[in-house]
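*Asks:* Structure file input13.txt, compact mmCIF, C-alpha atoms and all ligand atoms, is pasted below:
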# COMPACT_ATOMS: atom_id res chain seq x y z
CA MET L 5 7.31 49.62 51.90
CA ALA L 6 4.17 47.46 51.74
CA VAL L 7 3.31 46.36 55.26
CA LYS L 8 0.20 44.29 54.61
CA LYS L 9 -1.88 42.86 51.81
CA LEU L 10 -4.97 44.67 50.60
CA GLU L 11 -8.14 43.26 52.11
CA TYR L 12 -10.51 41.37 49.79
CA ILE L 13 -13.38 43.65 48.81
CA THR L 14 -16.57 42.25 47.31
CA PRO L 15 -17.34 43.25 43.69
CA THR L 16 -19.32 46.46 43.27
CA THR L 17 -23.02 45.89 42.69
CA ASN L 18 -25.18 48.15 40.53
CA GLY L 19 -27.04 49.36 43.64
CA GLU L 20 -23.79 50.44 45.36
CA ALA L 21 -22.53 52.10 42.19
CA ASN L 22 -25.77 54.00 41.60
CA ALA L 23 -25.83 55.17 45.24
CA ALA L 24 -22.27 56.58 44.96
CA ALA L 25 -22.80 58.06 41.48
CA LYS L 26 -22.56 61.80 40.92
CA ALA L 27 -24.32 61.82 37.54
CA HIS L 28 -27.12 59.61 36.17
CA CYS L 29 -28.41 58.73 32.73
CA THR L 30 -31.81 60.44 32.42
CA VAL L 31 -33.15 57.59 30.22
CA CYS L 32 -32.20 54.39 32.14
CA GLY L 33 -31.02 55.79 35.51
CA ARG L 34 -27.57 54.12 35.42
CA GLY L 35 -25.11 56.06 37.60
CA PHE L 36 -21.65 57.40 36.68
CA LEU L 37 -18.84 59.36 38.27
CA ASN L 38 -19.33 62.40 36.03
CA MET L 39 -21.10 63.67 32.91
CA ARG L 40 -18.28 62.39 30.71
CA GLY L 41 -19.21 58.85 31.84
CA VAL L 42 -22.87 59.53 31.02
CA SER L 43 -22.09 60.73 27.50
CA ALA L 44 -19.83 57.70 26.85
CA HIS L 45 -22.68 55.44 28.05
CA LYS L 46 -25.27 56.83 25.62
CA ARG L 47 -24.21 54.42 22.84
CA PHE L 48 -24.82 51.43 25.17
CA CYS L 49 -27.93 52.75 26.94
CA LEU L 50 -30.73 50.17 27.29
CA LYS L 51 -33.34 52.96 26.91
CA SER L 52 -35.49 52.13 29.97
CA PHE L 53 -35.30 51.65 33.76
CA GLU L 54 -36.81 48.15 33.45
CA ALA L 55 -34.27 46.96 30.85
CA GLU L 56 -31.39 48.32 32.94
CA ALA L 57 -32.67 46.52 36.09
CA ALA L 58 -33.18 43.23 34.17
CA ASN L 59 -29.69 43.31 32.66
CA PRO L 60 -27.18 44.29 35.41
CA ARG L 61 -23.85 44.75 33.61
CA PRO L 62 -20.58 44.45 35.62
CA ARG L 63 -19.02 47.58 37.06
CA SER L 64 -15.42 46.36 37.28
CA ASP L 65 -12.59 48.58 36.00
CA GLN L 66 -14.71 51.73 36.04
CA LYS L 67 -13.74 54.87 37.97
CA LEU L 68 -16.97 54.60 39.94
CA ASP L 69 -16.03 51.03 40.89
CA ALA L 70 -12.67 52.28 42.24
CA LEU L 71 -14.49 54.95 44.28
CA VAL L 72 -16.95 52.42 45.77
CA LYS L 73 -14.12 50.02 46.64
CA LYS L 74 -12.15 52.83 48.29
CA LYS L 75 -15.18 53.72 50.43
CA LYS L 76 -15.57 50.05 51.40
CA ARG L 77 -11.90 49.85 52.38
CA GLU L 78 -12.20 53.02 54.48
CA ALA L 79 -15.21 51.52 56.31
CA PHE L 80 -13.30 48.26 56.79
CA VAL L 81 -10.29 50.02 58.33
CA GLU L 82 -12.57 52.19 60.49
CA ALA L 83 -14.16 49.06 61.98
CA GLU L 84 -10.83 47.41 62.82
CA HIS L 85 -9.60 47.08 66.39
CA ARG L 86 -8.52 50.47 67.79
CA ILE L 87 -5.35 51.00 69.81
CA VAL L 88 -5.83 52.63 73.22
CA TYR L 89 -3.15 55.12 74.28
CA ASN L 90 -3.44 57.09 77.56
CA ASP L 91 -7.12 56.11 77.74
CA ASP L 92 -7.74 57.57 74.27
CA ARG L 93 -8.93 55.31 71.49
CA ILE L 94 -6.84 56.19 68.43
CA HIS L 95 -8.93 56.73 65.32
CA ASN L 96 -8.28 54.25 62.48
CA VAL L 97 -7.77 55.86 59.08
CA TYR L 98 -7.26 54.44 55.59
CA SER L 99 -4.82 57.20 54.59
CA PHE L 100 -3.34 60.40 55.98
CA LYS L 101 -0.96 63.17 54.94
CA TYR L 102 2.40 63.49 56.64
CA LEU L 103 5.01 66.07 55.54
CA GLY L 104 3.18 66.44 52.22
CA ALA L 105 3.15 62.71 51.42
CA LYS L 106 0.06 60.49 51.45
CA LEU L 107 0.55 57.43 53.64
CA MET L 108 -1.79 54.47 53.17
CA ASN L 109 -2.73 51.93 55.83
CA HIS L 110 -1.39 49.06 53.66
CA GLY L 111 1.94 50.84 53.04
CA SER L 112 1.72 50.95 49.23
CA ASP L 113 2.92 54.13 47.48
CA GLU L 114 0.75 53.74 44.36
CA ASP L 115 -2.03 56.06 45.64
CA GLU L 116 0.57 58.65 46.63
CA VAL L 117 2.08 58.58 43.12
CA GLU L 118 -1.38 58.81 41.53
CA ASP L 119 -2.04 61.90 43.69
CA ARG L 120 1.32 63.42 42.78
CA VAL L 121 0.67 62.90 39.08
CA ALA L 122 -2.66 64.75 39.43
CA LYS L 123 -0.96 67.65 41.28
CA THR L 124 1.87 67.79 38.77
CA GLN L 125 -0.60 67.84 35.89
CA GLY L 126 -2.00 71.08 37.36
CA ALA L 127 1.48 72.62 37.57
CA PHE L 128 2.25 71.53 33.99
CA THR L 129 -1.00 73.02 32.68
CA SER L 130 -0.31 76.33 34.43
CA HIS L 131 2.77 76.71 32.17
CA SER L 132 0.90 75.73 29.00
CA GLY L 133 1.79 79.02 27.29
CA ILE L 134 5.46 78.00 27.43
CA TRP L 135 4.94 74.42 26.20
CA ARG L 136 2.79 75.62 23.28
CA ASP L 137 5.29 78.28 22.18
CA MET L 138 7.27 76.67 19.35
CA SER L 139 9.78 79.56 19.27
CA ILE L 140 11.21 78.40 22.65
CA PRO L 141 13.99 75.82 22.12
CA LEU L 142 13.11 72.27 23.20
CA ALA L 143 16.27 72.03 25.34
CA LEU L 144 15.09 75.04 27.37
CA LYS L 145 11.62 73.53 27.80
CA ILE L 146 13.17 70.29 29.04
CA ARG L 147 15.33 72.15 31.56
CA LEU L 148 12.28 74.04 32.79
CA PHE L 149 10.30 70.79 33.00
CA LYS L 150 13.01 69.15 35.11
CA VAL L 151 13.19 72.10 37.51
CA ARG L 152 9.54 73.17 37.81
CA ILE L 153 7.59 69.97 37.16
CA LEU L 154 9.71 66.96 38.12
CA GLY L 155 10.40 68.54 41.53
CA ILE L 156 6.69 68.20 42.33
CA LEU L 157 6.26 64.78 40.74
CA LEU L 158 9.23 63.16 42.46
CA TYR L 159 8.81 64.69 45.92
CA GLY L 160 9.61 61.93 48.41
CA CYS L 161 10.51 59.36 45.70
CA GLU L 162 13.48 58.27 47.83
CA SER L 163 11.16 56.35 50.11
CA TRP L 164 8.84 54.82 47.50
CA LYS L 165 8.61 51.13 46.87
CA VAL L 166 8.70 51.41 43.09
CA THR L 167 6.31 48.96 41.45
CA LYS L 168 5.44 48.38 37.78
CA LYS L 169 2.31 50.47 38.24
CA ILE L 170 4.31 53.40 39.65
CA LEU L 171 6.81 53.26 36.76
CA LYS L 172 3.88 53.15 34.33
CA TYR L 173 2.29 56.26 35.88
CA ILE L 174 5.56 58.22 35.82
CA ARG L 175 6.67 57.17 32.34
CA GLY L 176 3.17 57.80 30.95
CA PHE L 177 2.94 61.25 32.51
CA THR L 178 6.41 62.24 31.22
CA ALA L 179 5.53 60.99 27.72
CA ARG L 180 2.28 63.01 27.67
CA CYS L 181 4.15 66.14 28.79
CA TYR L 182 6.91 65.62 26.21
CA ALA L 183 4.35 65.16 23.42
CA ARG L 184 2.76 68.47 24.45
CA MET L 185 6.15 70.22 24.38
CA ILE L 186 6.83 69.14 20.79
CA ASN L 187 3.16 69.57 19.80
CA GLU L 188 2.66 65.95 18.69
CA PRO L 189 -0.29 63.72 19.64
CA TYR L 190 1.94 60.70 20.34
CA VAL L 191 5.63 60.05 20.87
CA GLU L 192 7.66 56.82 21.23
CA MET L 193 8.69 56.05 24.81
CA SER L 194 12.32 55.41 23.76
CA ILE L 195 12.51 58.98 22.37
CA VAL L 196 11.02 60.42 25.59
CA LEU L 197 13.48 58.51 27.79
CA SER L 198 16.43 59.60 25.64
CA GLN L 199 15.46 63.24 26.34
CA ILE L 200 14.04 63.03 29.89
CA ASN L 201 15.21 59.84 31.58
CA VAL L 202 12.95 60.13 34.56
CA ILE L 203 13.88 56.67 35.90
CA ASP L 204 17.55 57.69 35.99
CA ILE L 205 16.61 60.87 37.86
CA ILE L 206 14.64 58.85 40.45
CA GLU L 207 17.52 56.42 40.92
CA LYS L 208 20.10 59.17 41.29
CA ARG L 209 18.03 60.84 44.03
CA ARG L 210 17.52 57.51 45.81
CA TRP L 211 21.24 56.70 45.76
CA LYS L 212 22.25 60.10 47.10
CA TRP L 213 19.73 59.84 49.91
CA LEU L 214 20.74 56.26 50.75
CA GLY L 215 24.37 57.43 51.11
CA HIS L 216 23.27 60.14 53.57
CA VAL L 217 21.21 57.66 55.60
CA ILE L 218 24.04 55.10 55.82
CA ARG L 219 26.42 57.83 57.06
CA MET L 220 23.91 58.96 59.74
CA ASP L 221 24.32 58.40 63.45
CA LYS L 222 23.29 54.80 64.23
CA LYS L 223 20.77 56.04 66.82
CA ARG L 224 18.73 58.06 64.30
CA ASN L 225 15.43 56.66 63.10
CA PRO L 226 16.12 56.74 59.31
CA TYR L 227 19.26 54.62 59.90
CA LYS L 228 17.31 52.16 62.07
CA CYS L 229 14.66 51.86 59.34
CA LEU L 230 17.26 50.49 56.90
CA SER L 231 17.35 47.28 58.94
CA ILE L 232 13.67 46.55 58.18
CA ILE L 233 13.87 47.23 54.42
CA ASP L 234 14.20 44.03 52.40
CA HIS L 235 15.81 43.43 49.00
CA SER L 236 12.55 42.82 47.12
CA PRO L 237 12.20 44.53 43.69
CA GLY L 238 11.53 48.27 43.86
CA SER L 239 12.71 48.80 47.46
CA LEU L 240 15.55 51.20 48.23
CA LEU L 241 18.11 48.46 48.85
CA ALA L 242 16.95 46.17 46.05
CA HIS L 243 19.22 47.52 43.36
CA LEU L 244 22.42 47.62 45.38
CA PRO L 245 25.34 46.06 43.49
CA LEU L 246 25.93 42.53 44.79
CA ASN L 247 29.40 43.32 46.21
CA ILE L 248 28.03 45.86 48.72
CA ARG L 249 24.92 44.06 49.89
CA ASN L 250 26.08 43.18 53.38
CA LEU L 251 26.04 45.74 56.18
CA ASP L 252 29.82 46.19 56.64
CA SER L 253 30.68 46.59 52.96
CA ARG L 254 27.71 48.97 52.53
CA ASN L 255 28.83 51.17 55.44
CA LEU L 256 32.43 51.17 54.20
CA ALA L 257 31.40 52.17 50.68
CA ALA L 258 29.20 55.03 51.93
CA GLN L 259 31.98 56.63 53.99
CA ASP L 260 33.75 57.75 50.80
CA ARG L 261 31.29 60.40 49.54
CA SER L 262 33.08 61.01 46.25
CA GLU L 263 33.18 57.30 45.35
CA TRP L 264 29.68 56.40 46.63
CA MET L 265 27.88 57.29 43.39
CA ASN L 266 30.57 55.54 41.29
CA LYS L 267 30.22 52.38 43.33
CA THR L 268 26.43 52.39 43.31
CA PHE L 269 24.64 54.54 40.74
CA PHE L 270 26.91 53.57 37.85
CA ARG L 271 26.95 49.85 38.76
CA ARG L 272 23.38 49.48 39.92
CA ILE L 273 20.69 46.99 39.03
CA THR L 274 18.21 49.46 37.52
CA LEU L 275 14.53 49.81 38.35
CA ASN L 276 13.87 49.31 34.63
CA MET L 277 15.30 45.79 34.91
CA GLN L 278 13.49 45.05 38.16
CA CYS L 279 10.10 46.50 37.23
CA PRO L 280 10.04 46.38 33.42
ZN ZN L 301 -28.88 55.11 29.90
Show this structure as structure tokens.
Ligand SMILES: [Zn+2]
*Replies:*
Amino acid sequence: MAVKKLEYITPTTNGEANAAAKAHCTVCGRGFLNMRGVSAHKRFCLKSFEAEAANPRPRSDQKLDALVKKKKREAFVEAEHRIVYNDDRIHNVYSFKYLGAKLMNHGSDEDEVEDRVAKTQGAFTSHSGIWRDMSIPLALKIRLFKVRILGILLYGCESWKVTKKILKYIRGFTARCYARMINEPYVEMSIVLSQINVIDIIEKRRWKWLGHVIRMDKKRNPYKCLSIIDHSPGSLLAHLPLNIRNLDSRNLAAQDRSEWMNKTFFRRITLNMQCP
């Protein structure tokens, strides 16, 4: 659940980017995040320090720009007013890990999903012998993918506020993995979703968990948290069918465990419709 808007951060200047760079062009001195950035730059290199200084090109939408902005945000949060508890000033942080999930100070889950995709990519690569082996049936590979890989990718997805960007990350990652399994460079998204409907899997997990939370003791914290979740697109309650949107009808529907999924999952407003 997003709790506050991202602060405005000034555009990255060439000086800031060069200071944070981990690799530099040996000809003009322009900084980059890694050597891959340097080799991509060679075609556009201005061939001298003077020409580079006289023609400062924008840094927006580069990985180095994202890194500089992240550092600025961390410094911004650090400088914010600190809460005092038992005479201790509590340290302000931009993000922290709790029960394996990355929590951001602004409440967005996009960084957490980006992290999870990176972790899952490692797990997927560690099984590359299986994905490359064309003698293994595709159905078996898909089952293995759902058990070994999606478990890591979707850890904690029940509490995500699913945005367009998050859906894009997850669909894109699944499509890349599926293309590797069938040994093709590219595959249509509709074909991927017909084989591994990752959005359906996310929704099913969210509905099951929501049923458990609604049936919980009213004094427990997860139940209390339901009262502060709104119905905006991507939130846990956003795709509830219209006939069980109020508190009483929702509680009544959740009491019948066997019917809960029929009343919700099969009649839901899908994330695909909300965040196309
Ligand atoms: Zn250069």
*Asks:* Return as a VMD selection string every polymer residue, whether protein, DNA or RNA, with at least one atom no more than 6 Å from an atom of ligand ZN 301 (chain L); count all atoms listed in the file.
*Replies:* chain L and resid 29 31 to 32 34 46 49 to 51
*Asks:* Tell me, in Å to one decimal, how far atom CA of Val42 of chain L is from atom CA of Lys26 of chain L.
*Replies:*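 Separation between atom CA of Val42 of chain L and atom CA of Lys26 of chain L: 10.2 Å.
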*Asks:* Which of these, L:Ile218, L:Gly238, L:Thr129, L:Arg120, has the shortest distance to Ser253 of chain L once you count all atoms listed in the file?
*Replies:*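 The answer is L:Ile218, which sits nearest to Ser253 of chain L.
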*Asks:* Under the rule that all atoms listed in the file are counted, which of L:Met185, L:Ser99, L:Leu230, L:Ala23 is the nearest residue to Gly133 of chain L?
*Replies:*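 Answer, going by the shortest atom-to-atom distance: L:Met185.
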*Asks:* Between L:Lys172, L:Lys123, L:Arg209, L:Arg147, which is the closest to Gly160 of chain L once you count only C-alpha atoms?
*Replies:*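 Once distances to Gly160 of chain L are computed over only C-alpha atoms, the minimum belongs to L:Arg209.
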*Asks:* Go through L:Pro141, L:Gly176, L:Pro15, L:Gly155 and flag the residue nearest Glu118 of chain L, using all atoms listed in the file for the distances.
*Replies:*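 Among L:Pro141, L:Gly176, L:Pro15, L:Gly155, it is L:Gly176 that comes nearest to Glu118 of chain L.
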*Asks:* Given all atoms listed in the file as the basis, pick out the residue of L:Lys165, L:Arg40, L:Lys75, L:Arg47 nearest to Ser236 of chain L.
*Replies:*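 The closest residue to Ser236 of chain L is L:Lys165.
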*Asks:* Give as an MDAnalysis selection string each residue that has an atom at most 12 Å from (-18.3, 55.6, 50.1) in the file, counting all atoms listed in the file.
*Replies:* chainID L and resid 16 20:26 68:80
*Asks:* For a quick check of understanding, using only C-alpha atoms, which of L:Ala127, L:Ala258, L:Leu171, L:Pro245 has the smallest distance to Met220 of chain L?
*Replies:*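 Closest to Met220 of chain L of all the choices is L:Ala258.
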*Asks:* Report, in Å with one decimal, the straight-line distance from atom CA of Ala183 of chain L to atom CA of Asp113 of chain L.
*Replies:*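 So the two atoms, atom CA of Ala183 of chain L and atom CA of Asp113 of chain L, lie 26.5 Å apart.
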